[in-house]
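See structure below.
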Amino acid sequence: MEAKTPESSKTILTDLVLPSETNPINNLFGGELLARMDRAASISARRHSRRIVVTASVNNVSFNRSIPLGSVVTIEAKVSRAFKSSMEVYIDVWIEDRESGECIKANEAIYTFVAVDETGRPVSVPKLTPETDLEKERYDAALRRKQLSLVVAGKMKPQDATELKALFD
């Protein structure tokens with residue numbers, strides 16, 4: 001299986017925030033944003049693996065800025081690291097300033113997907129080769145996040161988490 005780049009999985013979804021998608025103070029519901037991010041990230045994971053993908057976890061979500069009614073929202077997702085059958089997908093959420101057209105980062109998230117066959121069994125995915133400095137940074141951090149989650153879940157001994165030990169050496 002030939003390695004792929006994060007750019008080959010890049011997915012951009014742009015949409016408008018409508019009244020039915022907002023809370024009583026006219027900001028986008030958090031759950032609506034989570035669903036949009038999940039859709040973009042799943043397309044990204046599918047582009048990388050060319051397989052059926054399922055959401056395994058929502059590892060992190062940062063709601064840093066509210067997204068008002070009428071906003072143009074752009075969600076950009078890319079695979080940040082591929083493991084055996086799982087892929088970490090990093091998601092950036094941007095809102096477009098109505099007057100200047102400038103895009104402002106509003107939120108970010110990290111989701112994990114697993115590639116599966118038609119019976120739901122995990123299958124191998126291509127390796128990922130990061131190219132830009134940001135892609136390399138996210139690629140390296142993905143392994144630390146994976147090891148930390150395995151330690152917390154009791155599936156890895158802390159002393160075996162080599163990437164975490166490197167942070168403290």
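The chains in the structure tokens are called A, B, ... from first to last as shown; in each chain the residues are counted from 1, and the ligands are counted from 1 in the order shown.
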Open item on the list: Quick one: residues within 6 Å of A:Asn27, only C-alpha atoms, excluding same-chain residues fewer than 3 positions away - as a list of chain:residue names?
Closed with: A:Thr22, A:Asn23, A:Ile67, A:Pro68, A:Leu69
TODO: Can you pull out every residue within 9 Å of A:Glu96, counting only C-alpha atoms, but drop anything in the same chain fewer than 5 positions away, and send it as a ChimeraX atom specification?
DONE: /A:71-74,101-105
Since we have the selection now, will you write its residues out, keeping C-alpha atoms, as a short mmCIF file (atom, residue, chain, number, x, y, z; two decimals), in the first residue's frame?
```cif
data_model
loop_
_atom_site.label_atom_id
_atom_site.label_comp_id
_atom_site.auth_asym_id
_atom_site.auth_seq_id
_atom_site.Cartn_x
_atom_site.Cartn_y
_atom_site.Cartn_z
CA SER A 71 -22.24 33.08 9.28
CA VAL A 72 -20.42 31.37 6.45
CA VAL A 73 -18.65 28.42 8.11
CA THR A 74 -15.81 26.50 6.48
CA GLY A 101 -14.22 38.44 3.92
CA GLU A 102 -11.35 37.55 6.28
CA CYS A 103 -11.48 34.01 7.66
CA ILE A 104 -11.12 33.71 11.43
CA LYS A 105 -10.40 30.41 13.14
#
```
TODO: List the neighbours of A:Ala56 out to 8 Å using only C-alpha atoms; skip same-chain residues closer than 6 positions along the sequence, and give me the result as an MDAnalysis selection string.
DONE: chainID A and resid 111:114
- [ ] Tell me, as a VMD selection string, which residues lie within 7 Å of stretch 124-138 of chain A, counting only C-alpha atoms; anything in the same chain fewer than 2 positions away does not count.
- [x] chain A and resid 1 to 6 49 80 to 82 84 to 85 115 122 140 to 142
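Running DSSP on the backbone and keeping only strand (DSSP E or B), the residues of stretch 15-47 of chain A that qualify are A:Asp15, A:Leu16, A:Thr22, A:Asn27, A:Leu28.
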With N, CA and C atoms retained, could you export that selection as a PDB file, in the first residue's frame?
```pdb
ATOM      1  N   ASP A  15     -20.666  26.138   4.452  1.00  0.00           N
ATOM      2  CA  ASP A  15     -22.118  26.199   4.570  1.00  0.00           C
ATOM      3  C   ASP A  15     -22.501  27.455   5.338  1.00  0.00           C
ATOM      4  N   LEU A  16     -23.778  27.747   5.326  1.00  0.00           N
ATOM      5  CA  LEU A  16     -24.352  28.899   5.997  1.00  0.00           C
ATOM      6  C   LEU A  16     -25.059  28.444   7.269  1.00  0.00           C
ATOM      7  N   THR A  22     -29.682  27.179  15.240  1.00  0.00           N
ATOM      8  CA  THR A  22     -29.131  28.042  16.283  1.00  0.00           C
ATOM      9  C   THR A  22     -29.869  27.891  17.615  1.00  0.00           C
ATOM     10  N   ASN A  27     -26.734  31.560  18.060  1.00  0.00           N
ATOM     11  CA  ASN A  27     -25.429  30.990  17.711  1.00  0.00           C
ATOM     12  C   ASN A  27     -25.633  29.523  17.327  1.00  0.00           C
ATOM     13  N   LEU A  28     -24.776  29.039  16.458  1.00  0.00           N
ATOM     14  CA  LEU A  28     -24.848  27.653  15.993  1.00  0.00           C
ATOM     15  C   LEU A  28     -24.805  26.691  17.182  1.00  0.00           C
TER      16      LEU A  28
END
```
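Pairwise distance (atom CA of A:Val152, atom CA of A:Ser57) equals 14.2 Å.
Proximity ranking of A:Met37, A:Ile12, A:Ala161, A:Ile25 relative to A:Leu148 places A:Ala161 first, based on only C-alpha atoms.
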Task: Contacts of stretch 59-64 of chain A at 8 Å (only C-alpha atoms; same-chain gap of 3+ positions) as an MDAnalysis selection string - done: chainID A and resid 30 106:112
- [ ] Determine which residues of stretch 28-138 of chain A DSSP labels as helix (DSSP H, G or I) from the backbone of this structure, then write them out as a PyMOL selection string.
- [x] chain A and resi 30-49+133-138
Would you output that residue set with N, CA and C atoms, as a short mmCIF file (atom, residue, chain, number, x, y, z; two decimals), in the first residue's frame?
```cif
data_model
loop_
_atom_site.label_atom_id
_atom_site.label_comp_id
_atom_site.auth_asym_id
_atom_site.auth_seq_id
_atom_site.Cartn_x
_atom_site.Cartn_y
_atom_site.Cartn_z
N GLY A 30 -23.82 23.62 19.33
CA GLY A 30 -22.59 22.84 19.37
C GLY A 30 -22.76 21.48 18.72
N GLY A 31 -23.91 20.84 18.93
CA GLY A 31 -24.17 19.53 18.33
C GLY A 31 -24.23 19.60 16.82
N GLU A 32 -24.75 20.68 16.29
CA GLU A 32 -24.78 20.87 14.83
C GLU A 32 -23.35 20.98 14.29
N LEU A 33 -22.51 21.73 15.00
CA LEU A 33 -21.12 21.85 14.57
C LEU A 33 -20.40 20.50 14.65
N LEU A 34 -20.67 19.74 15.72
CA LEU A 34 -20.06 18.41 15.85
C LEU A 34 -20.45 17.51 14.67
N ALA A 35 -21.71 17.56 14.27
CA ALA A 35 -22.17 16.74 13.15
C ALA A 35 -21.49 17.17 11.85
N ARG A 36 -21.36 18.47 11.64
CA ARG A 36 -20.68 18.95 10.43
C ARG A 36 -19.22 18.52 10.41
N MET A 37 -18.57 18.63 11.58
CA MET A 37 -17.16 18.21 11.66
C MET A 37 -17.04 16.71 11.41
N ASP A 38 -17.96 15.92 11.95
CA ASP A 38 -17.94 14.47 11.76
C ASP A 38 -18.07 14.12 10.28
N ARG A 39 -18.95 14.81 9.57
CA ARG A 39 -19.12 14.56 8.14
C ARG A 39 -17.84 14.87 7.37
N ALA A 40 -17.26 16.04 7.63
CA ALA A 40 -16.03 16.43 6.92
C ALA A 40 -14.90 15.46 7.23
N ALA A 41 -14.76 15.11 8.51
CA ALA A 41 -13.68 14.22 8.93
C ALA A 41 -13.86 12.81 8.34
N SER A 42 -15.11 12.35 8.26
CA SER A 42 -15.33 11.01 7.70
C SER A 42 -15.00 10.98 6.21
N ILE A 43 -15.29 12.05 5.50
CA ILE A 43 -14.91 12.12 4.08
C ILE A 43 -13.39 12.10 3.96
N SER A 44 -12.72 12.84 4.82
CA SER A 44 -11.26 12.88 4.82
C SER A 44 -10.67 11.49 5.07
N ALA A 45 -11.19 10.80 6.09
CA ALA A 45 -10.70 9.45 6.40
C ALA A 45 -10.99 8.48 5.26
N ARG A 46 -12.13 8.63 4.65
CA ARG A 46 -12.47 7.75 3.52
C ARG A 46 -11.56 8.02 2.33
N ARG A 47 -11.24 9.28 2.08
CA ARG A 47 -10.32 9.61 0.99
C ARG A 47 -8.95 8.99 1.23
N HIS A 48 -8.52 9.01 2.48
CA HIS A 48 -7.21 8.43 2.79
C HIS A 48 -7.23 6.91 2.62
N SER A 49 -8.23 6.27 3.18
CA SER A 49 -8.25 4.80 3.24
C SER A 49 -8.90 4.15 2.03
N ASP A 133 5.31 21.90 7.68
CA ASP A 133 5.69 21.94 9.10
C ASP A 133 4.50 21.66 10.00
N LEU A 134 3.34 22.24 9.66
CA LEU A 134 2.14 22.00 10.48
C LEU A 134 1.72 20.54 10.40
N GLU A 135 1.77 19.94 9.23
CA GLU A 135 1.42 18.52 9.10
C GLU A 135 2.38 17.64 9.90
N LYS A 136 3.65 17.99 9.89
CA LYS A 136 4.65 17.21 10.66
C LYS A 136 4.41 17.36 12.16
N GLU A 137 4.06 18.57 12.59
CA GLU A 137 3.77 18.81 14.00
C GLU A 137 2.55 18.00 14.45
N ARG A 138 1.50 18.02 13.65
CA ARG A 138 0.28 17.28 13.99
C ARG A 138 0.53 15.77 13.92
#
```
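In this comparison, which uses only C-alpha atoms, the residue of A:Gly154, A:Thr119, A:Lys78, A:Ser66 approaching A:Trp94 most closely is A:Ser66.
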- [ ] Would you mind telling me which residue in A:Arg65, A:Arg98, A:Arg51, A:Lys157 lies nearest to A:Ser86 when using only C-alpha atoms?
- [x] A:Arg51
Task: Nearest-residue call for A:Val53, choices A:Met87, A:Val116, A:Leu13, A:Ile95, using only C-alpha atoms - done: A:Val116
